[in-house]
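A.B. asks: Input: one structure, supplied below.
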Amino acid sequence: MLYYTLKVVEIRPETSDTVTLVFKQPALKKLKYEPGQYLTLIFRINGRRYIRPYSFSSAPLVDSNIEVTVKRVSGGIVSNHIIDKVQIGDMIEAMEPLGDFTLNNEFVDDQTHIVLWGAGSGITPLVSIAKYALHTRCVKHVTLVYGNRTTENVIFKNTINQLKLSFGELFSPWHFYTQFYVSADEPYVVKGRIDAKTVLKVMGKEKDLSNTVHYICGPAGLKESIKETLKYFGINDNLILSEDFEIERDAKLLTDVITRNVILNCNGQSTEIKVIKGKSILEAGLDALLELDYSCQTGNCKLCKARINKGEVKMVGVKLQHDELKPDECLMCCSFPLTESIELSIE
Ligand SMILES: Cc1cc2nc3c(=O)[nH]c(=O)nc-3n(C[C@H](O)[C@H](O)[C@H](O)COP(=O)(O)OP(=O)(O)OC[C@H]3O[C@@H](n4cnc5c(N)ncnc54)[C@H](O)[C@@H]3O)c2cc1C
Ligand code: FES
């Protein structure tokens with residue numbers, strides 16, 4: 001894993017609760033990333049280390065600086081720290097770019113129509129993908145479907161308008177508002193949330209549905225209704241990519257999990273931690289102030305991988321294919337203790 005120390009050169013307010021942090025590209029060790037990937041920021045707050053991923057809102061070959069855009073989460077430790085405490089000139093530690101929610105896959109080429117579906121802060125990786133795809137003309141058409149409560153909540157309003165002005169026919173931005181009066185003469189501005197009806201409306205209006213590849217970033221409910229409705233248009237699952245900012249854990253899947261002690265072997269040290277019912281093994285280890293490697297906490301980056309030496313764990317909400325983990329491996333961010341005497345090793 002490569003680590004970078006990045007200098008904040010600008011802090012740009014986007015909405016009342018969202019800012020963009022602009023970092024200077026390091027002079028020697030340039031940070032290379034793909035649109036749709038994320039940057040993992042590392043902070044020390046009140047003596048504890050916190051690690052959080054933020055999707056790039058800048059795009060390679062388009063923006064000279066590196067940008068991430070952070071929305072305040074109520075009670076959230078790092079998002080509030082970034083918005084209230086980080087200043088221009090601060091040096092922030094970051095991991096190398098991670099993530100596979102990118103254009104770089106076998107299904108996208110210059111004949112592809114990409115459709116980007118997002119709500120709220122889920123716009124960040126989508127705007128990076130849109131900017132890159134339009135500027136480099138690596139796809140045939142870009143549609144963006146973006147849901148918000150009101151116009152005040154729209155992040156990157158100017159960027160989206162500017163892209164429409166610059167790229168005209170190549171770009172179709174749609175805005176959906178749940179709490180906003182919409183006039184009849186703006187057909188691409190619609191009252192309502194992004195749900196099955198919305199998908200039907202957008203897809204019904206798009207002339208060319210062949211060769212579409214879909215990118216979804218937003219809450220779980222949004223993702224599921226878009227995926228379900230895209231099936232109606234005959235779009236295959238492998239042409240629908242999604243990014244989760246947070247995993248909502250289904251309590252029903254954790255009914256057989258109770259509070260237990262787990263031994264973690266890490267850096268030649270063995271520590272026994274108490275994993276309270278409902279917390280993942282990673283969260284319990286971090287609460288015990290162990291400096292464990294992690295980033296996404298959604299089962300995607302694999303940085304929290306551990307070997308199970310003893311006992312059984314239950315993995316919940318993991319996106320990986322089964323062949324990406326060996327039978328005796330688990331991802332601690334999605335793992336919950338199932339038996340007594342669990343012992344894990346982190347290599
Ligand atoms: C791949 C990836 C990319 C991401 N990109 C972005 C991005 O571009 N911009 C951005 O603002 N955030 C992004 N996030 C979310 C971000 O990493 C943090 O989770 C978020 O800022 C909250 O961190 P926190 O420390 O403030 O909250 P915490 O202290 O970790 O959590 C406080 C409470 O808020 C809830 N919570 C955590 N995350 C969210 C969330 N995203 N929305 C609503 N509630 C939440 C938690 O369940 C908890 O109850 C991304 C996450 C992932 C996995
Ligand atoms: S922290 Fe990314 S997979 Fe667990």
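Please note that chains go A, B, ... in the order of the structure tokens, that every chain numbers its residues from 1, and that ligands are numbered from 1 in the order shown.
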Please give me, as a CSV table (one decimal) with N, CA and C atoms, in the first residue's frame, the residues lying within 6 Å of ligand 2 when counting only C-alpha atoms and all ligand atoms.

C.D. replies:
chain,number,residue,atom,x,y,z
A,294,TYR,N,-7.8,-0.7,7.3
A,294,TYR,CA,-9.1,-0.8,6.8
A,294,TYR,C,-9.4,0.5,5.9
A,295,SER,N,-10.4,0.5,5.1
A,295,SER,CA,-10.8,1.7,4.4
A,295,SER,C,-12.4,1.7,4.3
A,296,CYS,N,-12.9,0.9,3.4
A,296,CYS,CA,-14.3,1.1,3.0
A,296,CYS,C,-15.4,0.7,4.0
A,297,GLN,N,-15.1,-0.3,4.8
A,297,GLN,CA,-16.1,-0.9,5.8
A,297,GLN,C,-17.3,-1.4,5.1
A,298,THR,N,-17.2,-1.7,3.8
A,298,THR,CA,-18.4,-2.2,3.1
A,298,THR,C,-18.1,-3.5,2.4
A,299,GLY,N,-16.9,-4.1,2.7
A,299,GLY,CA,-16.6,-5.4,2.2
A,299,GLY,C,-16.0,-5.3,0.8
A,300,ASN,N,-15.5,-4.2,0.4
A,300,ASN,CA,-15.0,-4.0,-1.0
A,300,ASN,C,-13.5,-4.0,-1.1
A,301,CYS,N,-12.8,-3.3,-0.2
A,301,CYS,CA,-11.3,-3.0,-0.4
A,301,CYS,C,-10.4,-4.2,0.0
A,302,LYS,N,-10.9,-5.0,0.9
A,302,LYS,CA,-10.2,-6.2,1.4
A,302,LYS,C,-9.0,-5.9,2.3
A,303,LEU,N,-8.9,-4.6,2.7
A,303,LEU,CA,-7.8,-4.3,3.6
A,303,LEU,C,-7.9,-4.9,5.0
A,304,CYS,N,-9.1,-5.2,5.4
A,304,CYS,CA,-9.3,-5.7,6.7
A,304,CYS,C,-9.3,-7.3,6.7
A,331,LEU,N,-13.4,-10.9,6.1
A,331,LEU,CA,-13.2,-9.5,6.1
A,331,LEU,C,-13.8,-9.0,7.5
A,332,MET,N,-12.9,-8.5,8.3
A,332,MET,CA,-13.4,-8.1,9.7
A,332,MET,C,-14.5,-7.1,9.7
A,333,CYS,N,-14.5,-6.2,8.7
A,333,CYS,CA,-15.6,-5.2,8.7
A,333,CYS,C,-17.0,-5.7,8.6

A.B. asks: Find the nearest atom pair between each residue of chain A and ligand 1 for residues within 7 Å, count only C-alpha atoms and all ligand atoms, give distances in Å to one decimal, sort rows by chain and ascending number, and present the table as CSV.

C.D. replies:
residue,atom,partner,partner_atom_place_in_ligand_line,distance
A:Tyr38,CA,ligand 1,3 (C),5.8
A:Arg52,CA,ligand 1,17 (O),4.4
A:Pro53,CA,ligand 1,17 (O),4.2
A:Tyr54,CA,ligand 1,5 (N),3.5
A:Ser55,CA,ligand 1,8 (O),3.9
A:Phe56,CA,ligand 1,8 (O),6.5
A:Val68,CA,ligand 1,8 (O),6.1
A:Thr69,CA,ligand 1,9 (N),5.2
A:Val70,CA,ligand 1,11 (O),3.5
A:Lys71,CA,ligand 1,11 (O),3.8
A:Arg72,CA,ligand 1,11 (O),6.5
A:Val73,CA,ligand 1,26 (O),5.2
A:Ser74,CA,ligand 1,34 (O),6.3
A:Gly75,CA,ligand 1,32 (C),5.3
A:Gly76,CA,ligand 1,26 (O),3.1
A:Ile77,CA,ligand 1,25 (O),4.0
A:Val78,CA,ligand 1,25 (O),3.6
A:Ser79,CA,ligand 1,26 (O),3.6
A:Asn80,CA,ligand 1,26 (O),5.8
A:Gly99,CA,ligand 1,1 (C),6.9
A:Ser121,CA,ligand 1,9 (N),5.5
A:Gly122,CA,ligand 1,8 (O),6.7
A:Thr124,CA,ligand 1,8 (O),5.0
A:Pro125,CA,ligand 1,8 (O),6.6
A:Glu243,CA,ligand 1,1 (C),6.4
A:Asp244,CA,ligand 1,53 (C),5.7
A:Phe245,CA,ligand 1,51 (C),3.5
A:Glu246,CA,ligand 1,38 (N),5.4
A:Cys296,CA,ligand 1,53 (C),4.1
A:Gln297,CA,ligand 1,53 (C),6.2
A:Thr298,CA,ligand 1,53 (C),5.9

A.B. asks: Take the residues from that selection and put them in a file with N, CA, C and O atoms, as a CSV table (one decimal), in the first residue's frame.

C.D. replies:
chain,number,residue,atom,x,y,z
A,38,TYR,N,-11.9,5.9,-5.1
A,38,TYR,CA,-11.9,6.8,-3.9
A,38,TYR,C,-10.5,6.9,-3.3
A,38,TYR,O,-9.6,6.1,-3.5
A,52,ARG,N,-11.3,7.1,6.6
A,52,ARG,CA,-12.5,7.2,5.8
A,52,ARG,C,-12.3,7.3,4.3
A,52,ARG,O,-11.4,8.2,3.9
A,53,PRO,N,-13.0,6.6,3.5
A,53,PRO,CA,-12.9,6.8,2.0
A,53,PRO,C,-13.7,7.9,1.5
A,53,PRO,O,-14.9,8.0,2.0
A,54,TYR,N,-13.2,8.6,0.5
A,54,TYR,CA,-14.1,9.7,-0.1
A,54,TYR,C,-13.8,9.5,-1.6
A,54,TYR,O,-12.6,9.6,-2.1
A,55,SER,N,-14.9,9.4,-2.4
A,55,SER,CA,-14.7,9.3,-3.9
A,55,SER,C,-14.1,10.6,-4.4
A,55,SER,O,-14.4,11.7,-4.0
A,56,PHE,N,-13.3,10.4,-5.5
A,56,PHE,CA,-12.8,11.6,-6.1
A,56,PHE,C,-13.9,12.3,-6.8
A,56,PHE,O,-14.7,11.7,-7.5
A,68,VAL,N,-11.9,15.9,-3.4
A,68,VAL,CA,-12.9,15.0,-2.8
A,68,VAL,C,-13.9,15.9,-2.2
A,68,VAL,O,-13.6,17.0,-1.8
A,69,THR,N,-15.2,15.4,-2.1
A,69,THR,CA,-16.3,16.3,-1.7
A,69,THR,C,-17.0,15.5,-0.5
A,69,THR,O,-17.4,14.4,-0.7
A,70,VAL,N,-17.1,16.3,0.6
A,70,VAL,CA,-17.5,15.6,1.8
A,70,VAL,C,-18.8,16.2,2.3
A,70,VAL,O,-18.9,17.5,2.5
A,71,LYS,N,-19.8,15.4,2.6
A,71,LYS,CA,-21.1,15.9,3.1
A,71,LYS,C,-21.1,15.6,4.6
A,71,LYS,O,-20.7,14.5,5.1
A,72,ARG,N,-21.6,16.6,5.4
A,72,ARG,CA,-21.7,16.4,6.8
A,72,ARG,C,-22.7,15.3,7.2
A,72,ARG,O,-23.8,15.3,6.7
A,73,VAL,N,-22.3,14.3,8.0
A,73,VAL,CA,-23.2,13.3,8.5
A,73,VAL,C,-23.5,13.6,9.9
A,73,VAL,O,-22.6,13.9,10.7
A,74,SER,N,-24.8,13.6,10.3
A,74,SER,CA,-25.1,14.0,11.7
A,74,SER,C,-24.4,13.1,12.7
A,74,SER,O,-24.6,11.9,12.6
A,75,GLY,N,-23.7,13.7,13.6
A,75,GLY,CA,-22.9,12.9,14.6
A,75,GLY,C,-21.7,12.3,14.1
A,75,GLY,O,-21.0,11.6,14.8
A,76,GLY,N,-21.4,12.4,12.8
A,76,GLY,CA,-20.3,11.7,12.2
A,76,GLY,C,-18.9,12.3,12.6
A,76,GLY,O,-18.8,13.6,12.6
A,77,ILE,N,-18.0,11.5,13.0
A,77,ILE,CA,-16.7,12.0,13.6
A,77,ILE,C,-15.9,12.7,12.5
A,77,ILE,O,-15.5,13.8,12.6
A,78,VAL,N,-15.6,12.0,11.4
A,78,VAL,CA,-14.7,12.5,10.4
A,78,VAL,C,-15.3,13.6,9.5
A,78,VAL,O,-14.7,14.6,9.3
A,79,SER,N,-16.5,13.4,9.1
A,79,SER,CA,-17.1,14.4,8.2
A,79,SER,C,-17.2,15.7,8.9
A,79,SER,O,-16.9,16.8,8.3
A,80,ASN,N,-17.6,15.7,10.2
A,80,ASN,CA,-17.7,17.0,10.9
A,80,ASN,C,-16.3,17.6,11.2
A,80,ASN,O,-16.1,18.8,11.1
A,99,GLY,N,-10.7,1.0,-5.4
A,99,GLY,CA,-12.1,0.9,-5.9
A,99,GLY,C,-12.2,0.5,-7.3
A,99,GLY,O,-11.3,0.8,-8.2
A,121,SER,N,-25.0,12.9,-1.7
A,121,SER,CA,-23.5,12.9,-1.9
A,121,SER,C,-23.1,11.7,-2.9
A,121,SER,O,-21.9,11.7,-3.2
A,122,GLY,N,-24.0,10.9,-3.2
A,122,GLY,CA,-23.7,9.8,-4.2
A,122,GLY,C,-23.2,10.4,-5.6
A,122,GLY,O,-22.8,9.6,-6.4
A,124,THR,N,-20.7,12.2,-6.1
A,124,THR,CA,-19.2,12.5,-6.2
A,124,THR,C,-18.5,11.6,-7.3
A,124,THR,O,-17.9,12.1,-8.2
A,125,PRO,N,-18.6,10.2,-7.2
A,125,PRO,CA,-17.9,9.4,-8.2
A,125,PRO,C,-18.5,9.6,-9.6
A,125,PRO,O,-17.9,9.5,-10.6
A,243,GLU,N,-21.9,1.5,-6.2
A,243,GLU,CA,-21.0,1.8,-5.1
A,243,GLU,C,-21.8,2.1,-3.8
A,243,GLU,O,-22.8,2.9,-3.9
A,244,ASP,N,-21.4,1.5,-2.7
A,244,ASP,CA,-22.0,1.8,-1.4
A,244,ASP,C,-21.2,2.7,-0.6
A,244,ASP,O,-20.0,2.4,-0.4
A,245,PHE,N,-21.8,3.8,0.0
A,245,PHE,CA,-21.0,4.6,0.9
A,245,PHE,C,-21.2,4.0,2.3
A,245,PHE,O,-20.4,4.3,3.2
A,246,GLU,N,-22.2,3.2,2.5
A,246,GLU,CA,-22.5,2.7,3.8
A,246,GLU,C,-23.3,1.4,3.6
A,246,GLU,O,-24.1,1.4,2.7
A,296,CYS,N,-12.9,0.9,3.4
A,296,CYS,CA,-14.3,1.1,3.0
A,296,CYS,C,-15.4,0.7,4.0
A,296,CYS,O,-16.4,1.3,4.1
A,297,GLN,N,-15.1,-0.3,4.8
A,297,GLN,CA,-16.1,-0.9,5.8
A,297,GLN,C,-17.3,-1.4,5.1
A,297,GLN,O,-18.4,-1.5,5.7
A,298,THR,N,-17.2,-1.7,3.8
A,298,THR,CA,-18.4,-2.2,3.1
A,298,THR,C,-18.1,-3.5,2.4
A,298,THR,O,-18.8,-4.0,1.5

A.B. asks: Which residues come within 12 Å of Lys32 of chain A, counting only C-alpha atoms, excluding same-chain residues fewer than 4 positions away, as a PyMOL selection string?

C.D. replies: chain A and resi 2+4+25-26+28+37-39+56+58-61+64-66+95-98

A.B. asks: Dump C-alpha atoms for the selected residues as a PDB file, in the first residue's frame?

C.D. replies:
ATOM      1  CA  LEU A   2       1.341   3.430  -0.969  1.00  0.00           C
ATOM      2  CA  TYR A   4       0.706  10.059   0.392  1.00  0.00           C
ATOM      3  CA  GLN A  25      -0.774  16.888  -6.707  1.00  0.00           C
ATOM      4  CA  PRO A  26       2.521  15.891  -5.016  1.00  0.00           C
ATOM      5  CA  LEU A  28       7.409  13.840  -7.167  1.00  0.00           C
ATOM      6  CA  GLN A  37     -12.283   5.465  -7.462  1.00  0.00           C
ATOM      7  CA  TYR A  38     -11.898   6.767  -3.924  1.00  0.00           C
ATOM      8  CA  LEU A  39      -9.202   8.336  -1.789  1.00  0.00           C
ATOM      9  CA  PHE A  56     -12.763  11.583  -6.145  1.00  0.00           C
ATOM     10  CA  SER A  58     -12.090  15.550  -9.709  1.00  0.00           C
ATOM     11  CA  ALA A  59     -11.262  13.648 -12.878  1.00  0.00           C
ATOM     12  CA  PRO A  60      -7.847  12.633 -14.214  1.00  0.00           C
ATOM     13  CA  LEU A  61      -6.802  14.436 -17.434  1.00  0.00           C
ATOM     14  CA  SER A  64      -5.004  19.415 -12.328  1.00  0.00           C
ATOM     15  CA  ASN A  65      -5.671  19.166  -8.574  1.00  0.00           C
ATOM     16  CA  ILE A  66      -7.107  16.248  -6.641  1.00  0.00           C
ATOM     17  CA  MET A  95      -3.805   5.856   1.017  1.00  0.00           C
ATOM     18  CA  GLU A  96      -3.349   5.066  -2.652  1.00  0.00           C
ATOM     19  CA  PRO A  97      -6.598   5.225  -4.692  1.00  0.00           C
ATOM     20  CA  LEU A  98      -8.850   2.166  -4.391  1.00  0.00           C
TER      21      LEU A  98
END

A.B. asks: Running DSSP on the backbone, which parts of segment 13-202 of chain A land in alpha helix (DSSP H), as an mmCIF file with N, CA, C and O atoms, in the first residue's frame?

C.D. replies:
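Ended up saving to out17.cif:
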data_model
loop_
_atom_site.group_PDB
_atom_site.id
_atom_site.type_symbol
_atom_site.label_atom_id
_atom_site.label_comp_id
_atom_site.auth_asym_id
_atom_site.auth_seq_id
_atom_site.Cartn_x
_atom_site.Cartn_y
_atom_site.Cartn_z
ATOM 1 N N ILE A 77 -17.980 11.495 13.010
ATOM 2 C CA ILE A 77 -16.733 12.016 13.568
ATOM 3 C C ILE A 77 -15.879 12.699 12.494
ATOM 4 O O ILE A 77 -15.454 13.839 12.639
ATOM 5 N N VAL A 78 -15.639 11.985 11.402
ATOM 6 C CA VAL A 78 -14.676 12.517 10.423
ATOM 7 C C VAL A 78 -15.299 13.592 9.530
ATOM 8 O O VAL A 78 -14.669 14.626 9.272
ATOM 9 N N SER A 79 -16.539 13.387 9.085
ATOM 10 C CA SER A 79 -17.128 14.393 8.186
ATOM 11 C C SER A 79 -17.232 15.744 8.906
ATOM 12 O O SER A 79 -16.948 16.790 8.315
ATOM 13 N N ASN A 80 -17.601 15.720 10.179
ATOM 14 C CA ASN A 80 -17.683 16.987 10.934
ATOM 15 C C ASN A 80 -16.296 17.582 11.169
ATOM 16 O O ASN A 80 -16.120 18.798 11.103
ATOM 17 N N HIS A 81 -15.319 16.712 11.415
ATOM 18 C CA HIS A 81 -13.942 17.197 11.594
ATOM 19 C C HIS A 81 -13.469 17.891 10.305
ATOM 20 O O HIS A 81 -12.903 18.983 10.349
ATOM 21 N N ILE A 82 -13.730 17.258 9.169
ATOM 22 C CA ILE A 82 -13.278 17.841 7.892
ATOM 23 C C ILE A 82 -13.941 19.208 7.683
ATOM 24 O O ILE A 82 -13.282 20.206 7.380
ATOM 25 N N ILE A 83 -15.252 19.250 7.878
ATOM 26 C CA ILE A 83 -15.980 20.485 7.548
ATOM 27 C C ILE A 83 -15.673 21.598 8.565
ATOM 28 O O ILE A 83 -15.547 22.766 8.198
ATOM 29 N N ASP A 84 -15.484 21.236 9.829
ATOM 30 C CA ASP A 84 -15.301 22.277 10.860
ATOM 31 C C ASP A 84 -13.840 22.602 11.171
ATOM 32 O O ASP A 84 -13.538 23.689 11.643
ATOM 33 N N LYS A 85 -12.922 21.643 10.946
ATOM 34 C CA LYS A 85 -11.560 21.842 11.460
ATOM 35 C C LYS A 85 -10.470 21.939 10.388
ATOM 36 O O LYS A 85 -9.452 22.581 10.598
ATOM 37 N N ILE A 123 -23.394 11.654 -5.750
ATOM 38 C CA ILE A 123 -23.008 12.281 -7.019
ATOM 39 C C ILE A 123 -21.469 12.291 -7.211
ATOM 40 O O ILE A 123 -20.988 12.375 -8.335
ATOM 41 N N THR A 124 -20.697 12.213 -6.113
ATOM 42 C CA THR A 124 -19.248 12.465 -6.247
ATOM 43 C C THR A 124 -18.539 11.566 -7.273
ATOM 44 O O THR A 124 -17.924 12.092 -8.195
ATOM 45 N N PRO A 125 -18.632 10.221 -7.154
ATOM 46 C CA PRO A 125 -17.929 9.434 -8.175
ATOM 47 C C PRO A 125 -18.546 9.623 -9.553
ATOM 48 O O PRO A 125 -17.853 9.529 -10.573
ATOM 49 N N LEU A 126 -19.874 9.933 -9.594
ATOM 50 C CA LEU A 126 -20.565 10.059 -10.884
ATOM 51 C C LEU A 126 -20.103 11.299 -11.639
ATOM 52 O O LEU A 126 -19.956 11.283 -12.859
ATOM 53 N N VAL A 127 -19.859 12.385 -10.899
ATOM 54 C CA VAL A 127 -19.436 13.616 -11.584
ATOM 55 C C VAL A 127 -18.012 13.436 -12.122
ATOM 56 O O VAL A 127 -17.660 13.949 -13.192
ATOM 57 N N SER A 128 -17.204 12.676 -11.395
ATOM 58 C CA SER A 128 -15.841 12.398 -11.882
ATOM 59 C C SER A 128 -15.916 11.581 -13.174
ATOM 60 O O SER A 128 -15.248 11.894 -14.174
ATOM 61 N N ILE A 129 -16.776 10.548 -13.158
ATOM 62 C CA ILE A 129 -16.939 9.703 -14.360
ATOM 63 C C ILE A 129 -17.487 10.536 -15.527
ATOM 64 O O ILE A 129 -16.988 10.459 -16.650
ATOM 65 N N ALA A 130 -18.497 11.390 -15.235
ATOM 66 C CA ALA A 130 -19.110 12.194 -16.309
ATOM 67 C C ALA A 130 -18.083 13.136 -16.938
ATOM 68 O O ALA A 130 -17.968 13.223 -18.169
ATOM 69 N N LYS A 131 -17.318 13.834 -16.073
ATOM 70 C CA LYS A 131 -16.332 14.798 -16.603
ATOM 71 C C LYS A 131 -15.319 14.089 -17.499
ATOM 72 O O LYS A 131 -15.007 14.529 -18.599
ATOM 73 N N TYR A 132 -14.807 12.957 -16.969
ATOM 74 C CA TYR A 132 -13.769 12.236 -17.700
ATOM 75 C C TYR A 132 -14.319 11.711 -19.025
ATOM 76 O O TYR A 132 -13.708 11.886 -20.081
ATOM 77 N N ALA A 133 -15.509 11.083 -18.960
ATOM 78 C CA ALA A 133 -16.073 10.453 -20.162
ATOM 79 C C ALA A 133 -16.352 11.498 -21.243
ATOM 80 O O ALA A 133 -16.101 11.272 -22.426
ATOM 81 N N LEU A 134 -16.864 12.674 -20.828
ATOM 82 C CA LEU A 134 -17.205 13.708 -21.812
ATOM 83 C C LEU A 134 -15.942 14.365 -22.381
ATOM 84 O O LEU A 134 -15.831 14.562 -23.590
ATOM 85 N N HIS A 135 -14.995 14.695 -21.509
ATOM 86 C CA HIS A 135 -13.787 15.367 -22.000
ATOM 87 C C HIS A 135 -12.944 14.463 -22.893
ATOM 88 O O HIS A 135 -12.362 14.925 -23.868
ATOM 89 N N THR A 136 -12.862 13.180 -22.542
ATOM 90 C CA THR A 136 -11.989 12.301 -23.339
ATOM 91 C C THR A 136 -12.767 11.639 -24.477
ATOM 92 O O THR A 136 -12.177 10.959 -25.306
ATOM 93 N N LYS A 157 -23.949 21.843 -8.953
ATOM 94 C CA LYS A 157 -24.950 22.401 -9.879
ATOM 95 C C LYS A 157 -24.250 23.091 -11.058
ATOM 96 O O LYS A 157 -24.567 22.849 -12.219
ATOM 97 N N ASN A 158 -23.237 23.927 -10.730
ATOM 98 C CA ASN A 158 -22.554 24.672 -11.801
ATOM 99 C C ASN A 158 -21.772 23.755 -12.725
ATOM 100 O O ASN A 158 -21.739 23.947 -13.934
ATOM 101 N N THR A 159 -21.124 22.762 -12.122
ATOM 102 C CA THR A 159 -20.327 21.830 -12.951
ATOM 103 C C THR A 159 -21.234 21.104 -13.944
ATOM 104 O O THR A 159 -20.900 20.965 -15.130
ATOM 105 N N ILE A 160 -22.402 20.663 -13.445
ATOM 106 C CA ILE A 160 -23.325 19.920 -14.322
ATOM 107 C C ILE A 160 -23.841 20.849 -15.441
ATOM 108 O O ILE A 160 -23.867 20.465 -16.626
ATOM 109 N N ASN A 161 -24.196 22.088 -15.064
ATOM 110 C CA ASN A 161 -24.670 23.042 -16.084
ATOM 111 C C ASN A 161 -23.575 23.320 -17.110
ATOM 112 O O ASN A 161 -23.827 23.396 -18.316
ATOM 113 N N GLN A 162 -22.352 23.466 -16.629
ATOM 114 C CA GLN A 162 -21.227 23.757 -17.517
ATOM 115 C C GLN A 162 -20.977 22.595 -18.479
ATOM 116 O O GLN A 162 -20.714 22.804 -19.668
ATOM 117 N N LEU A 163 -21.088 21.373 -17.956
ATOM 118 C CA LEU A 163 -20.882 20.202 -18.828
ATOM 119 C C LEU A 163 -21.946 20.175 -19.921
ATOM 120 O O LEU A 163 -21.659 19.868 -21.077
ATOM 121 N N LYS A 164 -23.188 20.531 -19.555
ATOM 122 C CA LYS A 164 -24.265 20.545 -20.554
ATOM 123 C C LYS A 164 -23.971 21.602 -21.628
ATOM 124 O O LYS A 164 -24.122 21.341 -22.830
ATOM 125 N N LEU A 165 -23.500 22.778 -21.173
ATOM 126 C CA LEU A 165 -23.184 23.845 -22.144
ATOM 127 C C LEU A 165 -22.046 23.425 -23.075
ATOM 128 O O LEU A 165 -22.074 23.666 -24.278
ATOM 129 N N SER A 166 -21.045 22.772 -22.506
ATOM 130 C CA SER A 166 -19.872 22.412 -23.312
ATOM 131 C C SER A 166 -20.123 21.217 -24.223
ATOM 132 O O SER A 166 -19.554 21.136 -25.302
ATOM 133 N N PHE A 167 -20.930 20.235 -23.750
ATOM 134 C CA PHE A 167 -21.014 18.987 -24.508
ATOM 135 C C PHE A 167 -22.377 18.742 -25.162
ATOM 136 O O PHE A 167 -22.548 17.731 -25.857
ATOM 137 N N ALA A 196 -38.884 3.261 -9.194
ATOM 138 C CA ALA A 196 -39.198 2.485 -10.399
ATOM 139 C C ALA A 196 -39.833 3.364 -11.488
ATOM 140 O O ALA A 196 -39.471 3.284 -12.665
ATOM 141 N N LYS A 197 -40.757 4.284 -11.054
ATOM 142 C CA LYS A 197 -41.443 5.140 -12.046
ATOM 143 C C LYS A 197 -40.450 6.064 -12.752
ATOM 144 O O LYS A 197 -40.531 6.307 -13.954
ATOM 145 N N THR A 198 -39.512 6.593 -11.948
ATOM 146 C CA THR A 198 -38.490 7.484 -12.511
ATOM 147 C C THR A 198 -37.666 6.769 -13.565
ATOM 148 O O THR A 198 -37.370 7.310 -14.633
ATOM 149 N N VAL A 199 -37.269 5.555 -13.219
ATOM 150 C CA VAL A 199 -36.423 4.792 -14.140
ATOM 151 C C VAL A 199 -37.177 4.580 -15.448
ATOM 152 O O VAL A 199 -36.629 4.763 -16.539
ATOM 153 N N LEU A 200 -38.464 4.257 -15.324
ATOM 154 C CA LEU A 200 -39.268 4.052 -16.535
ATOM 155 C C LEU A 200 -39.325 5.335 -17.356
ATOM 156 O O LEU A 200 -39.182 5.326 -18.573
ATOM 157 N N LYS A 201 -39.484 6.476 -16.658
ATOM 158 C CA LYS A 201 -39.603 7.760 -17.348
ATOM 159 C C LYS A 201 -38.297 8.091 -18.097
ATOM 160 O O LYS A 201 -38.313 8.409 -19.284
ATOM 161 N N VAL A 202 -37.188 7.967 -17.375
ATOM 162 C CA VAL A 202 -35.902 8.322 -17.997
ATOM 163 C C VAL A 202 -35.585 7.372 -19.138
ATOM 164 O O VAL A 202 -35.275 7.790 -20.262
#

A.B. asks: If you run DSSP on the backbone, which residues of segment 9-216 of chain A are strand (DSSP E), as a PyMOL selection string?

C.D. replies: chain A and resi 9-15+18-23+38-45+48-55+66-71+91-95+113-119+141-148+171-177+189-191+212-216

A.B. asks: Skip Ile235 of chain A itself and residues of its chain fewer than 5 positions away, then list as a list in words all residues within 12 Å of it, counting only C-alpha atoms.

C.D. replies: Val115, Met203, Leu209, Ser210, Asn211, Thr212, Val213, His214, Ile226, Lys227, Glu228, Thr229, Leu230, Ile240 and Leu241 of chain A

A.B. asks: Enter the distance from atom CA of Tyr50 of chain A to atom CA of Ala94 of chain A, in Å, rounded to one decimal.

C.D. replies: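 Distance between the two atoms: 11.4 Å.
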
A.B. asks: Counting only C-alpha atoms, what is within 6 Å of Leu6 of chain A, bar same-chain residues fewer than 4 positions away, as a list in words?

C.D. replies: Phe23, Met91 and Ile92 of chain A
